[in-house]
Amino acid sequence: MPDLENRQYLEFEKPIKDLGDQIIQLKAAAAKNKIDLDEPIRHLDEKILEKRKEITESLTNWQKVQLSRHPDRPYTLAYIKRMCTNFTELHGDRNFKDDKAIVGGFASLNGETVMLIGHQKGINTKMRQLRNFGMANPEGYRKALRLMKLAEKFNKPIITLVDTPGAFPGIEAEERGQGEAIARNIFEMLRMKVPVICVVIGEGASGGALGIGVGDRVLMMENTWYTVISPESCSSILWRSWDMKEKAADELKLTADHMIKFGLVDGIVPEPLGGTHWDYDEAAEKLKAYILPILQELKQLSPEERIEQRVAKFSKMGFWEEA
């Protein structure tokens, strides 16, 4: 988690940045002149907390989209590190190669072995290129399915963390069967005999999210989005320009509060004030506290009951009218 000097700020976070800059200046002055400035620094820390609360309470849909993409936001490996112990990453789809955009492996969650799988975007430019900005190729989804089948073999629950701007749209991905790989995952996840919990921790775009997003319970972190198309792409299609992306975000109704009203997700996991990028430990603790009771609830059901409920859950989604 970046300190004040290295934090990145979104446009609407500028009031917080101004307060943070003042704290940096005071700390520098205190060190240089050997004086005690703890009290004014503490006062500014309180003001930052108040400002974070104020901003959180009045976020627009577009601002929530921006928060979901915040460069300081924690990704899958950050959550795994803080929620679990003994994580053993497993690689490759046993067919083509290891896709770095999706990570997964066994880990111990509160003393229980689980399979954790998620998108990983990378924490700097070099790593983002390596991870393909969290956009998985077919081999990524086939790796995810291989790991899910492995978890099923050993009767271990599956937890997936979704954070992708979409599946990789390149020609080579289509040549290797991108659509089939995602469709196969959806089909197989519906029939998994073990508990499956899916959490949107950032961006949840289109089939790229669905490829690891079908489970007994689907959750969303507070400042995330989940829909078939990004606001920018929607704007470019409808208005031939990205300038209408904010209106598109409103019309798409893509945030967690909308998704739960539509019955497309089962719960909203609260975030630290201002977003998960402010406190990785708190964010992970909140997510873990939300997942554990759901996991215990699902374990009380038989595999047949879980599959039946899962199929029924996804079959009844959507709204339509008969003419």
# chains A, B, ... in the order shown; residues from 1 in each chain; ligands from 1
call {"tool": "select_by_dssp", "arguments": {"residues": "stretch 211-307 of chain A", "states": "alpha helix (DSSP H)", "output": "JSON, numbers by chain"}}
result
{"A": [231, 232, 233, 234, 235, 236, 237, 238, 239, 245, 246, 247, 248, 249, 250, 251, 252, 256, 257, 258, 259, 260, 261, 280, 281, 282, 283, 284, 285, 286, 287, 288, 289, 290, 291, 292, 293, 294, 295, 296, 297, 298, 299, 303, 304, 305, 306, 307]}
call {"tool": "closest_atom_pairs", "arguments": {"of": "stretch 159-242 of chain A", "to": "stretch 299-315 of chain A", "cutoff": "6 Å", "atoms": "only C-alpha atoms", "output": "JSON lines"}}
result
{"residue": "A:Arg191", "atom": "CA", "partner": "A:Ile307", "partner_atom": "CA", "distance": 5.7}
{"residue": "A:Lys193", "atom": "CA", "partner": "A:Pro303", "partner_atom": "CA", "distance": 4.8}
{"residue": "A:Asp216", "atom": "CA", "partner": "A:Arg310", "partner_atom": "CA", "distance": 5.3}
call {"tool": "write_last_selection", "arguments": {"atoms": "N, CA, C and O atoms", "output": "PDB file, in the first residue's frame"}}
result
ATOM      1  N   ARG A 191     -21.799 -26.721 -12.732  1.00  0.00           N
ATOM      2  CA  ARG A 191     -21.908 -28.119 -12.312  1.00  0.00           C
ATOM      3  C   ARG A 191     -20.876 -28.525 -11.262  1.00  0.00           C
ATOM      4  O   ARG A 191     -20.784 -29.710 -10.933  1.00  0.00           O
ATOM      5  N   LYS A 193     -19.187 -29.572  -7.990  1.00  0.00           N
ATOM      6  CA  LYS A 193     -19.761 -30.229  -6.821  1.00  0.00           C
ATOM      7  C   LYS A 193     -19.350 -29.570  -5.505  1.00  0.00           C
ATOM      8  O   LYS A 193     -19.922 -29.881  -4.455  1.00  0.00           O
ATOM      9  N   ASP A 216     -22.107 -20.254  -6.449  1.00  0.00           N
ATOM     10  CA  ASP A 216     -23.255 -20.320  -5.536  1.00  0.00           C
ATOM     11  C   ASP A 216     -23.608 -18.937  -5.020  1.00  0.00           C
ATOM     12  O   ASP A 216     -24.779 -18.615  -4.843  1.00  0.00           O
TER      13      ASP A 216
END
call {"tool": "closest_residue", "arguments": {"among": "A:Leu109, A:Ile23, A:Ala181, A:Ala30", "to": "A:Ala289", "atoms": "only C-alpha atoms"}}
result
A:Leu109
call {"tool": "atom_distance", "arguments": {"atom1": "atom CA of A:Arg142", "atom2": "atom CA of A:Cys234"}}
result
28.5 Å
call {"tool": "residues_around", "arguments": {"residues": "A:Asp93", "least_positions_apart": "6", "cutoff": "7 Å", "atoms": "only C-alpha atoms", "output": "NGL selection string"}}
result
:A and (139 or 142-143 or 146)
call {"tool": "closest_residue", "arguments": {"among": "A:Ile117, A:Ile197, A:Ala78, A:Ala209", "to": "A:Leu292", "atoms": "only C-alpha atoms"}}
result
A:Ile197
call {"tool": "residues_around", "arguments": {"residues": "stretch 50-63 of chain A", "least_positions_apart": "6", "cutoff": "6 Å", "atoms": "only C-alpha atoms", "output": "PDB file with N, CA and C atoms, in the first residue's frame"}}
result
ATOM      1  N   GLU A 246     -19.659   9.254 -18.871  1.00  0.00           N
ATOM      2  CA  GLU A 246     -20.341   9.425 -17.585  1.00  0.00           C
ATOM      3  C   GLU A 246     -21.834   9.139 -17.723  1.00  0.00           C
ATOM      4  N   ALA A 249     -22.265   5.451 -18.020  1.00  0.00           N
ATOM      5  CA  ALA A 249     -22.163   4.781 -16.715  1.00  0.00           C
ATOM      6  C   ALA A 249     -23.491   4.859 -15.963  1.00  0.00           C
ATOM      7  N   ASP A 250     -24.179   5.978 -16.088  1.00  0.00           N
ATOM      8  CA  ASP A 250     -25.491   6.118 -15.439  1.00  0.00           C
ATOM      9  C   ASP A 250     -26.535   5.223 -16.094  1.00  0.00           C
ATOM     10  N   LEU A 273     -13.195   3.506   4.056  1.00  0.00           N
ATOM     11  CA  LEU A 273     -13.628   4.833   3.611  1.00  0.00           C
ATOM     12  C   LEU A 273     -12.770   5.320   2.452  1.00  0.00           C
ATOM     13  N   GLY A 274     -13.419   5.707   1.361  1.00  0.00           N
ATOM     14  CA  GLY A 274     -12.690   6.229   0.216  1.00  0.00           C
ATOM     15  C   GLY A 274     -12.251   5.178  -0.772  1.00  0.00           C
TER      16      GLY A 274
END
call {"tool": "residues_around", "arguments": {"residues": "A:Asp99", "least_positions_apart": "4", "cutoff": "7 Å", "atoms": "only C-alpha atoms", "output": "number ranges by chain"}}
result
A: 92, 136-137, 139-140
call {"tool": "write_last_selection", "arguments": {"atoms": "C-alpha atoms", "output": "short mmCIF file (atom, residue, chain, number, x, y, z; two decimals), in the first residue's frame"}}
result
data_model
loop_
_atom_site.label_atom_id
_atom_site.label_comp_id
_atom_site.auth_asym_id
_atom_site.auth_seq_id
_atom_site.Cartn_x
_atom_site.Cartn_y
_atom_site.Cartn_z
CA GLY A 92 -0.25 -23.48 -16.87
CA ALA A 136 -6.86 -13.23 -19.97
CA ASN A 137 -6.32 -15.32 -23.09
CA GLU A 139 -5.20 -20.45 -21.82
CA GLY A 140 -5.94 -18.32 -18.75
#
call {"tool": "residues_around", "arguments": {"residues": "A:Pro71", "least_positions_apart": "3", "cutoff": "9 Å", "atoms": "only C-alpha atoms", "output": "list in words"}}
result
Gln8, Tyr9, Leu67, Ser68, Pro74, Ile123, Asn124 and His277 of chain A
call {"tool": "atom_distance", "arguments": {"atom1": "atom CA of A:Trp225", "atom2": "atom CA of A:Tyr79"}}
result
18.3 Å
call {"tool": "select_by_dssp", "arguments": {"residues": "stretch 111-305 of chain A", "states": "strand (DSSP E or B)", "output": "ChimeraX atom specification"}}
result
/A:112-119,158-164,196-205,217-221,225-227,255,267-269
call {"tool": "atom_distance", "arguments": {"atom1": "atom CA of A:Pro293", "atom2": "atom CA of A:Phe87"}}
result
21.1 Å
call {"tool": "residues_around", "arguments": {"residues": "A:Asp243", "least_positions_apart": "5", "cutoff": "12 Å", "atoms": "only C-alpha atoms", "output": "MDAnalysis selection string"}}
result
chainID A and resid 231:238 248:249
call {"tool": "closest_atom_pairs", "arguments": {"of": "stretch 78-138 of chain A", "to": "stretch 148-169 of chain A", "cutoff": "12 Å", "atoms": "only C-alpha atoms", "output": "Markdown table"}}
result
| residue | atom | partner | partner_atom | distance |
| --- | --- | --- | --- | --- |
| A:Ala78 | CA | A:Leu161 | CA | 11.1 |
| A:Tyr79 | CA | A:Leu161 | CA | 9.0 |
| A:Ile80 | CA | A:Leu161 | CA | 9.7 |
| A:Met83 | CA | A:Ile159 | CA | 11.9 |
| A:Cys84 | CA | A:Ile159 | CA | 11.8 |
| A:Leu90 | CA | A:Leu150 | CA | 10.6 |
| A:Asp93 | CA | A:Met148 | CA | 11.6 |
| A:Asp99 | CA | A:Phe168 | CA | 11.2 |
| A:Ala101 | CA | A:Thr164 | CA | 8.9 |
| A:Ile102 | CA | A:Val162 | CA | 9.6 |
| A:Val103 | CA | A:Leu161 | CA | 9.8 |
| A:Gly104 | CA | A:Thr160 | CA | 8.7 |
| A:Gly105 | CA | A:Ala151 | CA | 9.2 |
| A:Phe106 | CA | A:Ala151 | CA | 8.2 |
| A:Ala107 | CA | A:Lys156 | CA | 10.3 |
| A:Ser108 | CA | A:Lys156 | CA | 10.6 |
| A:Leu109 | CA | A:Pro157 | CA | 10.3 |
| A:Glu112 | CA | A:Lys156 | CA | 8.7 |
| A:Thr113 | CA | A:Lys156 | CA | 6.5 |
| A:Val114 | CA | A:Pro157 | CA | 5.1 |
| A:Met115 | CA | A:Ile158 | CA | 4.7 |
| A:Leu116 | CA | A:Ile159 | CA | 4.9 |
| A:Ile117 | CA | A:Thr160 | CA | 4.7 |
| A:Gly118 | CA | A:Leu161 | CA | 4.3 |
| A:His119 | CA | A:Asp163 | CA | 5.5 |
| A:Gln120 | CA | A:Asp163 | CA | 7.3 |
| A:Lys121 | CA | A:Thr164 | CA | 7.7 |
| A:Gly122 | CA | A:Asp163 | CA | 11.3 |
| A:Arg131 | CA | A:Thr164 | CA | 10.9 |
| A:Asn132 | CA | A:Phe168 | CA | 8.1 |
| A:Phe133 | CA | A:Thr164 | CA | 7.7 |
| A:Gly134 | CA | A:Thr164 | CA | 5.2 |
| A:Met135 | CA | A:Phe168 | CA | 4.8 |
| A:Ala136 | CA | A:Ala167 | CA | 5.2 |
| A:Asn137 | CA | A:Phe168 | CA | 5.5 |
| A:Pro138 | CA | A:Ala167 | CA | 8.4 |
call {"tool": "write_last_selection", "arguments": {"atoms": "N, CA and C atoms", "output": "short mmCIF file (atom, residue, chain, number, x, y, z; two decimals), in the first residue's frame"}}
result
data_model
loop_
_atom_site.label_atom_id
_atom_site.label_comp_id
_atom_site.auth_asym_id
_atom_site.auth_seq_id
_atom_site.Cartn_x
_atom_site.Cartn_y
_atom_site.Cartn_z
N ALA A 78 -2.73 -9.37 -3.60
CA ALA A 78 -2.72 -8.58 -2.37
C ALA A 78 -3.76 -9.13 -1.38
N TYR A 79 -4.92 -9.54 -1.89
CA TYR A 79 -5.95 -10.12 -1.01
C TYR A 79 -5.51 -11.48 -0.50
N ILE A 80 -4.94 -12.29 -1.39
CA ILE A 80 -4.51 -13.63 -0.99
C ILE A 80 -3.46 -13.53 0.12
N MET A 83 -5.40 -12.45 3.36
CA MET A 83 -6.50 -13.29 3.85
C MET A 83 -6.05 -14.70 4.18
N CYS A 84 -4.99 -15.16 3.51
CA CYS A 84 -4.64 -16.58 3.54
C CYS A 84 -3.21 -16.82 3.99
N LEU A 90 -0.22 -22.32 -8.70
CA LEU A 90 -0.13 -23.37 -9.72
C LEU A 90 -0.19 -22.72 -11.10
N ASP A 93 -1.99 -24.25 -18.35
CA ASP A 93 -3.24 -24.92 -18.69
C ASP A 93 -3.01 -26.34 -19.20
N ASP A 99 -0.84 -18.39 -18.51
CA ASP A 99 -1.34 -17.02 -18.70
C ASP A 99 -1.19 -16.26 -17.38
N ALA A 101 -2.23 -13.38 -16.62
CA ALA A 101 -3.37 -12.51 -16.28
C ALA A 101 -4.29 -13.16 -15.26
N ILE A 102 -4.17 -14.47 -15.10
CA ILE A 102 -4.94 -15.19 -14.09
C ILE A 102 -3.99 -15.97 -13.20
N VAL A 103 -4.16 -15.81 -11.89
CA VAL A 103 -3.34 -16.53 -10.92
C VAL A 103 -4.26 -17.44 -10.10
N GLY A 104 -3.69 -18.50 -9.57
CA GLY A 104 -4.50 -19.39 -8.75
C GLY A 104 -3.68 -20.44 -8.06
N GLY A 105 -4.26 -21.01 -7.03
CA GLY A 105 -3.59 -22.07 -6.29
C GLY A 105 -4.29 -22.36 -4.98
N PHE A 106 -3.83 -23.40 -4.32
CA PHE A 106 -4.38 -23.75 -3.01
C PHE A 106 -3.83 -22.81 -1.95
N ALA A 107 -4.66 -22.53 -0.95
CA ALA A 107 -4.24 -21.71 0.18
C ALA A 107 -5.06 -22.11 1.40
N SER A 108 -4.59 -21.67 2.56
CA SER A 108 -5.31 -21.95 3.80
C SER A 108 -6.07 -20.69 4.22
N LEU A 109 -7.39 -20.79 4.30
CA LEU A 109 -8.24 -19.67 4.71
C LEU A 109 -8.88 -20.02 6.05
N GLU A 112 -8.75 -23.64 6.73
CA GLU A 112 -9.35 -24.55 5.75
C GLU A 112 -8.70 -24.37 4.39
N THR A 113 -8.39 -25.46 3.72
CA THR A 113 -7.79 -25.40 2.39
C THR A 113 -8.85 -25.03 1.36
N VAL A 114 -8.55 -24.01 0.56
CA VAL A 114 -9.45 -23.56 -0.51
C VAL A 114 -8.63 -23.35 -1.78
N MET A 115 -9.33 -23.34 -2.92
CA MET A 115 -8.69 -22.97 -4.18
C MET A 115 -9.05 -21.52 -4.48
N LEU A 116 -8.02 -20.68 -4.60
CA LEU A 116 -8.23 -19.27 -4.89
C LEU A 116 -7.76 -18.97 -6.31
N ILE A 117 -8.62 -18.33 -7.09
CA ILE A 117 -8.32 -18.00 -8.49
C ILE A 117 -8.76 -16.57 -8.75
N GLY A 118 -7.94 -15.79 -9.46
CA GLY A 118 -8.35 -14.42 -9.75
C GLY A 118 -7.54 -13.76 -10.83
N HIS A 119 -8.09 -12.68 -11.36
CA HIS A 119 -7.36 -11.86 -12.32
C HIS A 119 -6.28 -11.05 -11.59
N GLN A 120 -5.16 -10.84 -12.25
CA GLN A 120 -4.07 -10.05 -11.69
C GLN A 120 -3.60 -9.05 -12.73
N LYS A 121 -3.69 -7.75 -12.39
CA LYS A 121 -3.37 -6.70 -13.37
C LYS A 121 -1.91 -6.27 -13.35
N GLY A 122 -1.26 -6.37 -12.23
CA GLY A 122 0.13 -5.88 -12.15
C GLY A 122 0.20 -4.53 -11.47
N ARG A 131 1.22 -9.05 -17.14
CA ARG A 131 -0.10 -9.58 -16.78
C ARG A 131 -1.16 -9.25 -17.83
N ASN A 132 -0.75 -8.57 -18.90
CA ASN A 132 -1.67 -8.17 -19.97
C ASN A 132 -2.85 -7.37 -19.43
N PHE A 133 -2.57 -6.54 -18.40
CA PHE A 133 -3.56 -5.65 -17.80
C PHE A 133 -4.79 -6.41 -17.29
N GLY A 134 -4.58 -7.67 -16.91
CA GLY A 134 -5.69 -8.46 -16.37
C GLY A 134 -6.62 -9.01 -17.43
N MET A 135 -6.24 -8.92 -18.71
CA MET A 135 -7.07 -9.45 -19.79
C MET A 135 -6.57 -10.84 -20.17
N ALA A 136 -7.31 -11.85 -19.79
CA ALA A 136 -6.86 -13.23 -19.97
C ALA A 136 -7.08 -13.72 -21.40
N ASN A 137 -6.18 -14.58 -21.85
CA ASN A 137 -6.32 -15.32 -23.09
C ASN A 137 -7.05 -16.64 -22.80
N PRO A 138 -7.38 -17.41 -23.84
CA PRO A 138 -8.06 -18.69 -23.60
C PRO A 138 -7.31 -19.60 -22.62
#
call {"tool": "closest_residue", "arguments": {"among": "A:Lys100, A:Arg217, A:Arg128, A:Arg184", "to": "A:Val196", "atoms": "only C-alpha atoms"}}
result
A:Arg217
call {"tool": "closest_residue", "arguments": {"among": "A:Ala284, A:Leu4, A:Leu44, A:Leu145", "to": "A:Arg94", "atoms": "only C-alpha atoms"}}
result
A:Leu145
